[in-house]
$ cat run-v4.cif   # mmCIF, C-alpha atoms
data_coords
#
loop_
_atom_site.label_atom_id
_atom_site.label_comp_id
_atom_site.auth_asym_id
_atom_site.auth_seq_id
_atom_site.Cartn_x
_atom_site.Cartn_y
_atom_site.Cartn_z
CA MET A 127 22.37 -76.80 -58.80
CA SER A 128 24.15 -73.78 -57.41
CA GLN A 129 21.48 -73.34 -54.72
CA VAL A 130 21.89 -76.96 -53.63
CA ALA A 131 25.59 -76.28 -53.29
CA THR A 132 24.80 -73.17 -51.23
CA ILE A 133 22.55 -75.13 -48.89
CA GLU A 134 25.11 -77.84 -48.37
CA GLN A 135 27.90 -75.34 -47.88
CA ARG A 136 25.83 -73.48 -45.32
CA LYS A 137 25.01 -76.61 -43.36
CA GLN A 138 28.62 -77.70 -43.47
CA GLN A 139 29.70 -74.31 -42.20
CA ILE A 140 27.24 -74.50 -39.31
CA ASN A 141 28.38 -77.97 -38.39
CA GLN A 142 31.99 -76.87 -38.46
CA GLN A 143 31.18 -73.89 -36.27
CA LEU A 144 29.58 -76.09 -33.66
CA ASP A 145 31.88 -79.08 -33.91
CA GLY A 146 33.94 -79.33 -30.78
CA GLN A 147 32.45 -76.18 -29.34
CA ALA A 148 30.78 -76.07 -25.99
CA LEU A 149 27.58 -74.08 -25.99
CA ILE A 150 26.06 -72.26 -23.10
CA ARG A 151 22.68 -70.63 -22.87
CA ALA A 152 22.37 -66.96 -21.99
CA ILE A 153 19.63 -64.39 -21.69
CA ASN A 154 20.59 -60.79 -22.31
CA PHE A 155 18.75 -58.06 -20.45
CA HIS A 156 19.21 -54.31 -20.31
CA ASN A 157 16.76 -52.03 -18.51
CA THR A 158 14.37 -54.00 -16.33
CA SER A 159 11.42 -51.72 -15.69
CA ARG A 160 9.13 -52.35 -12.75
CA TRP A 161 6.07 -52.58 -14.99
CA ARG A 162 7.54 -55.74 -16.55
CA GLU A 163 8.20 -57.39 -13.19
CA ALA A 164 5.60 -60.13 -13.71
CA GLU A 165 7.16 -61.02 -17.05
CA PHE A 166 10.66 -61.16 -15.54
CA THR A 167 9.35 -63.25 -12.66
CA GLU A 168 7.85 -65.80 -15.04
CA GLN A 169 11.01 -65.94 -17.13
CA LEU A 170 13.32 -66.30 -14.15
CA GLN A 171 11.09 -68.92 -12.52
CA HIS A 172 11.28 -70.86 -15.77
CA CYS A 173 15.08 -70.65 -15.60
CA GLN A 174 15.12 -71.74 -11.98
CA GLN A 175 13.03 -74.81 -12.76
CA ASN A 176 14.93 -75.92 -15.83
CA PHE A 177 18.49 -74.65 -15.52
CA THR A 178 21.18 -73.98 -13.00
CA PRO A 179 22.87 -70.64 -12.43
CA VAL A 180 26.44 -70.15 -13.60
CA THR A 181 29.15 -68.45 -11.58
CA GLU A 182 32.50 -67.27 -12.92
CA ASP A 183 34.12 -70.26 -11.24
CA ASP A 184 31.61 -72.62 -12.89
CA LEU A 185 32.43 -71.13 -16.24
CA ALA A 186 36.17 -71.28 -15.70
CA SER A 187 35.92 -74.90 -14.62
CA TYR A 188 33.79 -75.81 -17.61
CA LEU A 189 36.29 -74.17 -19.94
CA ALA A 190 39.26 -75.85 -18.30
CA THR A 191 37.84 -79.36 -18.10
CA GLY A 192 35.35 -79.45 -20.94
CA GLN A 193 32.80 -80.98 -18.62
CA TRP A 194 29.73 -79.38 -17.13
CA GLN A 195 29.61 -80.62 -13.56
CA LYS A 196 26.01 -79.89 -12.61
CA ALA A 197 22.86 -81.89 -13.19
CA LYS A 198 20.97 -79.20 -15.06
CA PRO A 199 22.35 -77.17 -17.93
CA GLY A 200 23.67 -73.75 -17.05
CA VAL A 201 22.20 -70.41 -18.01
CA ILE A 202 23.93 -67.05 -17.81
CA LEU A 203 21.54 -64.24 -16.93
CA ALA A 204 23.30 -61.13 -18.18
CA PHE A 205 22.25 -57.58 -17.32
CA TYR A 206 23.96 -54.80 -19.23
CA GLU A 207 24.80 -51.15 -18.43
CA GLY A 208 24.28 -50.94 -14.63
CA TYR A 209 20.68 -49.79 -14.42
CA ARG A 210 19.12 -48.94 -11.09
CA SER A 211 16.11 -50.99 -12.21
CA ASN A 212 18.32 -54.08 -12.24
CA TYR A 213 18.96 -53.59 -8.55
CA ASP A 214 15.40 -52.60 -7.66
CA VAL A 215 13.52 -55.20 -9.70
CA ILE A 216 15.85 -58.05 -10.67
CA VAL A 217 18.23 -58.56 -7.77
CA PRO A 218 15.42 -59.35 -5.29
CA LEU A 219 13.96 -61.83 -7.78
CA LEU A 220 17.31 -63.52 -8.36
CA ASP A 221 17.94 -63.73 -4.63
CA LYS A 222 14.50 -65.17 -3.98
CA LEU A 223 14.94 -67.80 -6.68
CA GLY A 224 18.56 -68.63 -5.87
CA LEU A 225 19.79 -67.50 -9.28
CA VAL A 226 23.00 -65.72 -10.21
CA GLY A 227 23.01 -62.57 -12.33
CA TRP A 228 25.92 -61.22 -14.33
CA PHE A 229 25.91 -57.41 -14.14
CA PHE A 230 28.00 -55.73 -16.83
CA VAL A 231 28.46 -52.20 -15.58
CA ILE A 232 29.46 -49.05 -17.44
CA THR A 233 31.53 -47.39 -14.74
CA GLY A 234 31.12 -43.90 -16.19
CA PHE A 235 27.34 -44.29 -15.88
CA ILE A 236 27.62 -45.32 -12.23
CA ASN A 237 30.04 -42.49 -11.55
CA ALA A 238 27.91 -39.82 -13.23
CA PRO A 239 26.29 -37.41 -10.75
CA ILE A 240 22.58 -38.10 -10.39
CA GLU A 241 21.55 -34.86 -12.04
CA GLN A 242 23.66 -35.79 -15.08
CA GLN A 243 22.71 -39.44 -15.46
CA LEU A 244 19.97 -38.93 -18.04
CA THR A 245 22.23 -36.73 -20.12
CA TYR A 246 25.03 -39.23 -19.75
CA ALA A 247 22.73 -42.03 -20.84
CA ASN A 248 21.58 -40.09 -23.89
CA ARG A 249 25.13 -39.27 -24.92
CA HIS A 250 26.38 -42.80 -24.43
CA ASP A 251 23.55 -44.68 -26.04
CA ILE A 252 22.15 -46.17 -22.86
CA GLY A 253 18.46 -46.81 -23.46
CA MET A 254 16.18 -45.36 -20.82
CA ASP A 255 12.59 -45.31 -19.70
CA LEU A 256 12.40 -41.59 -18.96
CA ASN A 257 9.46 -41.78 -16.59
CA GLU A 258 10.84 -44.50 -14.40
CA TYR A 259 12.61 -42.61 -11.66
CA LEU A 260 11.44 -39.12 -10.86
CA ASP A 261 14.44 -38.43 -8.62
CA GLY A 262 16.67 -38.67 -11.67
CA ARG A 263 18.88 -41.55 -10.53
CA TYR A 264 18.92 -44.20 -13.22
CA ALA A 265 22.19 -45.99 -12.47
CA MET A 266 23.04 -48.27 -9.60
CA THR A 267 25.11 -46.74 -6.84
CA TRP A 268 28.43 -48.21 -5.81
CA GLU A 269 26.84 -49.14 -2.50
CA GLU A 270 24.21 -51.15 -4.36
CA LEU A 271 26.87 -52.69 -6.55
CA ARG A 272 28.88 -53.75 -3.51
CA ASP A 273 25.76 -55.52 -2.30
CA VAL A 274 25.30 -57.18 -5.71
CA ASP A 275 28.94 -58.23 -5.63
CA LYS A 276 28.33 -60.37 -2.55
CA ARG A 277 26.05 -62.81 -4.35
CA HIS A 278 26.28 -62.15 -8.07
CA VAL A 279 28.84 -61.46 -10.76
CA VAL A 280 29.89 -57.87 -11.28
CA ALA A 281 31.67 -57.35 -14.58
CA SER A 282 32.98 -54.46 -16.62
CA HIS A 283 31.22 -53.01 -19.63
CA ALA A 284 34.11 -50.54 -19.83
CA LEU A 285 34.09 -46.89 -18.87
CA SER A 286 31.84 -45.03 -21.23
CA HIS A 287 30.08 -47.37 -23.68
CA GLN A 288 32.05 -46.09 -26.64
CA PHE A 289 33.64 -47.97 -29.49
CA VAL A 290 37.30 -48.46 -28.67
CA ASP A 291 38.73 -49.07 -32.14
CA PRO A 292 38.79 -45.38 -33.17
CA MET A 293 40.11 -44.20 -29.79
CA ASP A 294 43.64 -42.93 -29.28
CA GLU A 295 45.73 -44.97 -26.89
CA ALA A 296 45.26 -42.77 -23.83
CA THR A 297 41.48 -42.68 -24.21
CA ARG A 298 41.31 -46.40 -24.86
CA ARG A 299 43.46 -47.03 -21.81
CA GLU A 300 41.03 -45.07 -19.67
CA GLU A 301 38.11 -46.92 -21.24
CA ILE A 302 39.50 -50.39 -20.55
CA ILE A 303 41.94 -50.06 -17.68
CA GLY A 304 40.32 -47.04 -16.06
CA SER A 305 37.09 -48.98 -15.72
CA GLN A 306 38.92 -51.77 -13.92
CA ASN A 307 40.56 -49.21 -11.65
CA SER A 308 37.10 -48.00 -10.60
CA PHE A 309 36.13 -51.53 -9.62
CA ARG A 310 39.37 -51.97 -7.68
CA LYS A 311 38.70 -48.76 -5.80
CA GLU A 312 35.00 -49.19 -5.14
CA LEU A 313 34.64 -52.97 -4.75
CA GLY A 314 38.05 -53.57 -3.27
CA HIS A 315 39.03 -56.03 -5.97
CA PRO A 316 39.32 -56.22 -9.75
CA VAL A 317 36.51 -57.80 -11.74
CA ARG A 318 37.26 -60.83 -13.87
CA THR A 319 34.84 -60.45 -16.76
CA PHE A 320 34.71 -57.84 -19.48
CA VAL A 321 32.66 -56.90 -22.50
CA LEU A 322 33.13 -54.04 -24.94
CA ARG A 323 30.51 -52.05 -26.72
CA GLY A 324 29.68 -53.72 -30.00
CA GLY A 325 30.66 -57.11 -28.61
CA PRO A 326 34.00 -57.66 -30.34
CA ALA A 327 35.82 -60.87 -29.43
CA PHE A 328 39.33 -61.12 -28.05
CA GLY A 329 41.68 -61.45 -31.00
CA GLU A 330 40.04 -58.89 -33.23
CA ASN A 331 42.30 -55.98 -32.29
CA PRO A 332 45.74 -56.75 -30.81
CA ALA A 333 46.13 -53.28 -29.28
CA VAL A 334 42.80 -53.67 -27.48
CA ASP A 335 43.63 -57.22 -26.46
CA LYS A 336 46.88 -56.05 -24.88
CA MET A 337 45.05 -53.55 -22.69
CA VAL A 338 42.37 -56.06 -21.76
CA LEU A 339 45.08 -58.35 -20.43
CA GLU A 340 46.94 -55.50 -18.76
CA ALA A 341 43.73 -54.58 -16.94
CA GLY A 342 43.61 -58.09 -15.52
CA TYR A 343 40.38 -59.27 -17.11
CA GLN A 344 40.18 -63.05 -17.37
CA ILE A 345 36.98 -63.66 -19.31
CA GLN A 346 35.67 -61.73 -22.31
CA PHE A 347 32.12 -61.84 -23.57
CA SER A 348 31.36 -61.03 -27.18
CA ASN A 349 28.29 -61.25 -29.33
CA PHE A 350 28.34 -64.99 -29.87
CA GLN A 351 31.21 -66.19 -27.71
CA ILE A 352 32.72 -66.33 -24.24
CA GLN A 353 36.49 -66.57 -24.10
CA LYS A 354 38.72 -67.42 -21.18
CA LEU A 355 41.69 -65.18 -21.84
CA PRO A 356 45.37 -66.07 -21.87
CA GLN A 357 46.99 -64.92 -18.67
CA PRO A 358 50.21 -62.94 -18.85
CA ALA A 359 53.26 -64.55 -17.33
CA PRO A 360 53.72 -63.52 -13.69
CA MET B 193 26.86 -50.82 -32.55
CA GLN B 194 25.70 -51.57 -29.07
CA ARG B 195 24.98 -55.11 -27.99
CA ARG B 196 21.25 -54.55 -27.72
CA GLU B 197 21.26 -52.80 -31.08
CA LEU B 198 22.96 -55.77 -32.63
CA ILE B 199 20.47 -58.14 -31.07
CA GLN B 200 17.60 -56.01 -32.31
CA LYS B 201 19.19 -55.91 -35.75
CA VAL B 202 19.52 -59.66 -35.71
CA LEU B 203 15.93 -60.09 -34.63
CA SER B 204 14.76 -57.67 -37.27
CA ALA B 205 16.81 -59.23 -40.03
CA ALA B 206 14.11 -61.62 -41.09
CA ALA B 207 11.56 -58.84 -41.11
CA ALA B 208 13.82 -56.64 -43.20
CA ALA B 209 14.29 -59.50 -45.61
CA GLY B 210 10.59 -59.57 -46.21
CA LEU B 211 10.10 -62.86 -44.47
CA LEU B 212 7.70 -61.61 -41.88
CA GLY B 213 4.16 -60.61 -42.53
CA PRO B 214 1.56 -59.08 -40.23
CA LEU B 215 0.91 -61.96 -37.88
CA SER B 216 -0.60 -62.02 -34.44
CA LEU B 217 1.53 -62.86 -31.43
CA THR B 218 0.00 -66.17 -30.55
CA SER B 219 1.68 -69.24 -29.21
CA ALA B 220 3.04 -71.86 -31.54
CA SER B 221 0.35 -74.47 -31.74
CA ALA B 222 1.17 -78.14 -31.64
CA HIS B 223 0.46 -78.62 -35.30
CA GLU B 224 3.16 -76.12 -36.18
CA CYS B 225 5.87 -78.17 -34.47
CA THR B 226 7.24 -81.62 -35.17
CA SER B 227 7.64 -84.17 -32.41
CA ALA B 228 11.28 -83.11 -32.21
CA GLY B 229 10.19 -79.56 -31.37
CA LEU B 230 10.96 -78.14 -34.78
CA HIS B 231 8.97 -75.67 -36.76
CA ASP B 232 7.74 -77.93 -39.50
CA SER B 233 7.11 -75.48 -42.31
CA ALA B 234 8.49 -72.26 -43.68
CA GLU B 235 5.31 -70.54 -42.55
CA SER B 236 5.69 -71.82 -38.99
CA LEU B 237 9.31 -70.70 -38.94
CA ARG B 238 8.28 -67.30 -40.25
CA ARG B 239 5.84 -66.95 -37.37
CA GLY B 240 8.48 -68.00 -34.87
CA LEU B 241 10.92 -65.41 -36.18
CA LYS B 242 8.16 -62.84 -36.14
CA ARG B 243 7.54 -63.50 -32.47
CA MET B 244 11.22 -63.15 -31.67
CA ALA B 245 11.43 -59.91 -33.65
CA MET B 246 8.65 -58.52 -31.46
CA LEU B 247 10.86 -58.74 -28.37
CA ASP B 248 12.18 -55.36 -27.24
CA SER B 249 15.85 -55.99 -26.59
CA SER B 250 16.22 -52.86 -24.45
CA GLU B 251 13.46 -53.96 -22.09
CA GLN B 252 13.08 -57.74 -22.39
CA GLY B 253 15.33 -60.76 -22.01
CA ILE B 254 16.69 -62.01 -25.32
CA PRO B 255 17.74 -65.67 -25.42
CA MET B 256 21.11 -66.49 -26.95
CA LEU B 257 23.54 -69.35 -27.33
CA LEU B 258 27.21 -68.60 -26.80
CA THR B 259 30.15 -70.76 -27.77
CA LEU B 260 33.01 -71.14 -25.32
CA GLU B 261 36.69 -70.82 -26.08
CA ASN B 262 39.60 -71.29 -23.71
CA LEU B 263 42.66 -69.25 -24.65
CA ALA B 264 44.33 -69.80 -21.28
CA ALA B 265 46.98 -72.39 -20.72
CA ASP B 266 45.08 -74.19 -17.96
CA SER B 267 43.09 -76.48 -20.19
CA THR B 268 43.85 -79.98 -21.24
CA VAL B 269 40.82 -79.81 -23.48
CA THR B 270 41.53 -79.07 -27.10
CA LYS B 271 38.05 -79.86 -28.27
CA PHE B 272 34.73 -80.26 -26.55
CA LEU B 273 32.82 -83.40 -27.33
CA PRO B 274 29.53 -82.39 -28.87
CA ASP B 275 26.78 -83.31 -26.44
CA ALA B 276 23.11 -83.97 -27.08
CA PHE B 277 22.33 -80.28 -26.91
CA ASN B 278 24.92 -79.44 -29.57
CA ALA B 279 23.48 -82.16 -31.76
CA GLU B 280 19.99 -80.77 -31.26
CA VAL B 281 21.16 -77.26 -32.15
CA VAL B 282 22.88 -78.53 -35.28
CA GLU B 283 19.76 -80.45 -36.30
CA LYS B 284 17.44 -77.52 -35.70
CA LEU B 285 19.69 -75.02 -37.38
CA GLY B 286 20.12 -77.18 -40.45
CA HIS B 287 16.36 -77.73 -40.63
CA TYR B 288 15.63 -74.04 -40.22
CA VAL B 289 18.21 -73.03 -42.81
CA ASP B 290 16.39 -75.32 -45.24
CA LEU B 291 13.10 -73.63 -44.45
CA LEU B 292 14.64 -70.17 -44.57
CA LEU B 293 16.05 -70.87 -48.00
CA GLN B 294 12.55 -71.43 -49.29
CA HIS B 295 11.97 -67.72 -48.70
CA LYS B 296 15.48 -66.38 -49.06
CA PRO B 297 17.88 -68.35 -51.27
CA GLU B 298 20.95 -66.49 -50.04
CA PRO B 299 20.65 -65.94 -46.30
CA GLU B 300 22.96 -63.53 -44.54
CA GLU B 301 24.84 -64.19 -41.34
CA SER B 302 22.28 -62.13 -39.43
CA ASP B 303 19.52 -64.44 -40.66
CA VAL B 304 21.33 -67.40 -39.22
CA ALA B 305 21.89 -65.50 -35.99
CA ALA B 306 18.15 -64.86 -35.78
CA LEU B 307 17.60 -68.59 -36.11
CA ILE B 308 19.98 -69.17 -33.19
CA VAL B 309 17.93 -66.78 -31.07
CA LEU B 310 14.82 -68.73 -32.02
CA ILE B 311 16.46 -72.03 -31.09
CA ALA B 312 17.70 -70.60 -27.79
CA ALA B 313 14.22 -69.30 -27.04
CA ALA B 314 12.75 -72.77 -27.36
CA ASP B 315 13.88 -73.74 -23.91
CA LEU B 316 14.79 -70.40 -22.35
CA LEU B 317 11.41 -68.78 -22.73
CA PRO B 318 8.33 -70.04 -20.90
CA ALA B 319 6.19 -72.49 -22.85
CA ASP B 320 3.60 -69.95 -23.93
CA ALA B 321 6.13 -67.69 -25.62
CA GLY B 322 5.25 -68.94 -29.07
CA VAL B 323 8.25 -71.03 -29.96
CA CYS B 324 8.46 -74.75 -30.57
CA PRO B 325 9.43 -76.51 -27.32
#
$ encode --input "run-v4.cif" --output "structure tokens"
Amino acid sequence: MSQVATIEQRKQQINQQLDGQALIRAINFHNTSRWREAEFTEQLQHCQQNFTPVTEDDLASYLATGQWQKAKPGVILAFYEGYRSNYDVIVPLLDKLGLVGWFFVITGFINAPIEQQLTYANRHDIGMDLNEYLDGRYAMTWEELRDVDKRHVVASHALSHQFVDPMDEATRREEIIGSQNSFRKELGHPVRTFVLRGGPAFGENPAVDKMVLEAGYQIQFSNFQIQKLPQPAP
Amino acid sequence: MQRRELIQKVLSAAAAAGLLGPLSLTSASAHECTSAGLHDSAESLRRGLKRMAMLDSSEQGIPMLLTLENLAADSTVTKFLPDAFNAEVVEKLGHYVDLLLQHKPEPEESDVAALIVLIAAADLLPADAGVCP
């Protein structure tokens, strides 16, 4: 009897979670090694045939109106950390197929000198195929990112890929706002979208939320949710 | 925990719960799926979860479904009308929870998350990826 109640409660919970919620499909990628190029090609071709790419404006419009305006369902192709392999392997595929990638970049990784990038990756839990690039550069360059920015979404994965909850205020400020400052400097504009390590949602930590808004981020990704953020009064 | 670690944890949850046995990575055959594209038995579901758990989240694309929330003041929408896709997700998830409970009477949140990855994979991965279409 109690198990029946558990089943029904679980189903009810699921239905409540999905009731009135818009869903969007996403595929999460990290390193995209060359030796898997055929696999990525097949997967992205499948997306091109069955779905439509999503831009930040598409997402904002969907959130504001509640209506998806395109014939095919949208899919967000998300690439985390800022790997050089994303630029070398994935960006040409996306461009060829007319797809849009969302590149969540750890600015400290991009800013690390080439000779320190492997060490940086190891210390900041950025997974790496150690034999991939013999010249030692594993992160995208800002020049490459500026190219990506012309056709795709560049977003912030904060400064250093650390958990922000235990940080003191100054360190957290650098992590959240400092990352945005790097984008302003190098891309010439702030980025709109943000995700923190661990994927916490907006609303979980008011002190973090305040800095996220101060940095000017407008959209926050978390593990199971995308939130369009409240905008501070002008 | 890093995002990819969480995903890997989610994918591995069913394995850790003892749901997954040593199975080969073969495609889901037609007899394993209902006409609605559902795994039709606990064994079929177990195989589907096993296939998802084999994905390397640091090197391969992991399908996911994300809910949307508008906290800005620019929306007149207070609630999205569930569309056919939402209904399909609800149906599949409810069905899979039933099957999961045959193996694990008290599923954890990560088990349910693994089911969502499996449902997302059904149309985000190419047809030969071993999930019900």
$ interface_residues --input "run-v4.cif" --of "chain A" --to "chain B" --cutoff "6 Å" --atoms "all atoms listed in the file" --output "compact mmCIF listing (two decimals) with C-alpha atoms, keeping the file's coordinate frame"
# COMPACT_ATOMS: atom_id res chain seq x y z
CA LYS A 137 25.01 -76.61 -43.36
CA GLY A 146 33.94 -79.33 -30.78
CA GLN A 147 32.45 -76.18 -29.34
CA ALA A 148 30.78 -76.07 -25.99
CA LEU A 149 27.58 -74.08 -25.99
CA ILE A 150 26.06 -72.26 -23.10
CA ARG A 151 22.68 -70.63 -22.87
CA ALA A 152 22.37 -66.96 -21.99
CA ILE A 153 19.63 -64.39 -21.69
CA ASN A 154 20.59 -60.79 -22.31
CA PHE A 155 18.75 -58.06 -20.45
CA HIS A 156 19.21 -54.31 -20.31
CA ASN A 157 16.76 -52.03 -18.51
CA THR A 158 14.37 -54.00 -16.33
CA HIS A 172 11.28 -70.86 -15.77
CA LEU A 189 36.29 -74.17 -19.94
CA ALA A 190 39.26 -75.85 -18.30
CA GLY A 192 35.35 -79.45 -20.94
CA ARG A 323 30.51 -52.05 -26.72
CA GLY A 324 29.68 -53.72 -30.00
CA PHE A 350 28.34 -64.99 -29.87
CA GLN A 351 31.21 -66.19 -27.71
CA ILE A 352 32.72 -66.33 -24.24
CA GLN A 353 36.49 -66.57 -24.10
CA LYS A 354 38.72 -67.42 -21.18
CA LEU A 355 41.69 -65.18 -21.84
CA PRO A 356 45.37 -66.07 -21.87
$ residues_around --input "run-v4.cif" --residues "Arg272 (chain A)" --least-positions-apart "5" --cutoff "12 Å" --atoms "all atoms listed in the file" --output "list in words"
Tyr213, Phe229, Met266, Thr267, Arg277, His278, Val279, Val280, Ala281, Phe309, Arg310, Lys311, Glu312, Leu313, Gly314, His315 and Val317 of chain A
$ write_last_selection --input "run-v4.cif" --atoms "C-alpha atoms" --output "CSV table (one decimal), in the coordinates of the input"
chain,number,residue,atom,x,y,z
A,213,TYR,CA,19.0,-53.6,-8.6
A,229,PHE,CA,25.9,-57.4,-14.1
A,266,MET,CA,23.0,-48.3,-9.6
A,267,THR,CA,25.1,-46.7,-6.8
A,277,ARG,CA,26.0,-62.8,-4.4
A,278,HIS,CA,26.3,-62.2,-8.1
A,279,VAL,CA,28.8,-61.5,-10.8
A,280,VAL,CA,29.9,-57.9,-11.3
A,281,ALA,CA,31.7,-57.4,-14.6
A,309,PHE,CA,36.1,-51.5,-9.6
A,310,ARG,CA,39.4,-52.0,-7.7
A,311,LYS,CA,38.7,-48.8,-5.8
A,312,GLU,CA,35.0,-49.2,-5.1
A,313,LEU,CA,34.6,-53.0,-4.8
A,314,GLY,CA,38.0,-53.6,-3.3
A,315,HIS,CA,39.0,-56.0,-6.0
A,317,VAL,CA,36.5,-57.8,-11.7
$ resolve_selection --input "run-v4.cif" --expression "the PyMOL selection byres ((chain A and resi 301) around 12)" --output "NGL selection string"
:A and (232-234 or 282-291 or 293-300 or 302-308 or 320-323 or 334 or 337-338 or 341)
$ resolve_selection --input "run-v4.cif" --expression "the PyMOL selection byres ((chain A and resi 167) around 12)" --output "number ranges by chain"
A: 158, 160-166, 168-174, 215-223, 225; B: 252-253, 317-318
$ write_last_selection --input "run-v4.cif" --atoms "C-alpha atoms" --output "CSV table (one decimal), in the coordinates of the input"
chain,number,residue,atom,x,y,z
A,158,THR,CA,14.4,-54.0,-16.3
A,160,ARG,CA,9.1,-52.4,-12.8
A,161,TRP,CA,6.1,-52.6,-15.0
A,162,ARG,CA,7.5,-55.7,-16.6
A,163,GLU,CA,8.2,-57.4,-13.2
A,164,ALA,CA,5.6,-60.1,-13.7
A,165,GLU,CA,7.2,-61.0,-17.0
A,166,PHE,CA,10.7,-61.2,-15.5
A,168,GLU,CA,7.8,-65.8,-15.0
A,169,GLN,CA,11.0,-65.9,-17.1
A,170,LEU,CA,13.3,-66.3,-14.2
A,171,GLN,CA,11.1,-68.9,-12.5
A,172,HIS,CA,11.3,-70.9,-15.8
A,173,CYS,CA,15.1,-70.6,-15.6
A,174,GLN,CA,15.1,-71.7,-12.0
A,215,VAL,CA,13.5,-55.2,-9.7
A,216,ILE,CA,15.8,-58.0,-10.7
A,217,VAL,CA,18.2,-58.6,-7.8
A,218,PRO,CA,15.4,-59.4,-5.3
A,219,LEU,CA,14.0,-61.8,-7.8
A,220,LEU,CA,17.3,-63.5,-8.4
A,221,ASP,CA,17.9,-63.7,-4.6
A,222,LYS,CA,14.5,-65.2,-4.0
A,223,LEU,CA,14.9,-67.8,-6.7
A,225,LEU,CA,19.8,-67.5,-9.3
B,252,GLN,CA,13.1,-57.7,-22.4
B,253,GLY,CA,15.3,-60.8,-22.0
B,317,LEU,CA,11.4,-68.8,-22.7
B,318,PRO,CA,8.3,-70.0,-20.9
$ atom_distance --input "run-v4.cif" --atom1 "CA of Glu224 (chain B)" --atom2 "CA of Lys296 (chain B)"
20.3 Å
$ closest_residue --input "run-v4.cif" --among "B:Ala306, B:Ala276, B:Glu300, B:Lys284" --to "Arg238 (chain B)" --atoms "all atoms listed in the file"
B:Ala306
$ atom_distance --input "run-v4.cif" --atom1 "CA of Ala197 (chain A)" --atom2 "CA of Asp275 (chain A)"
25.6 Å
$ atom_distance --input "run-v4.cif" --atom1 "CA of Phe230 (chain A)" --atom2 "CA of Thr319 (chain A)"
8.3 Å
$ residues_around --input "run-v4.cif" --residues "region 239-246 of chain A" --least-positions-apart "4" --cutoff "10 Å" --atoms "only C-alpha atoms" --output "PyMOL selection string"
chain A and resi 234-235+250-256+261-265+267+286
$ closest_residue --input "run-v4.cif" --among "B:Ser236, B:Met246, B:Ser302, B:Cys225" --to "Asn349 (chain A)" --atoms "all atoms listed in the file"
B:Ser302
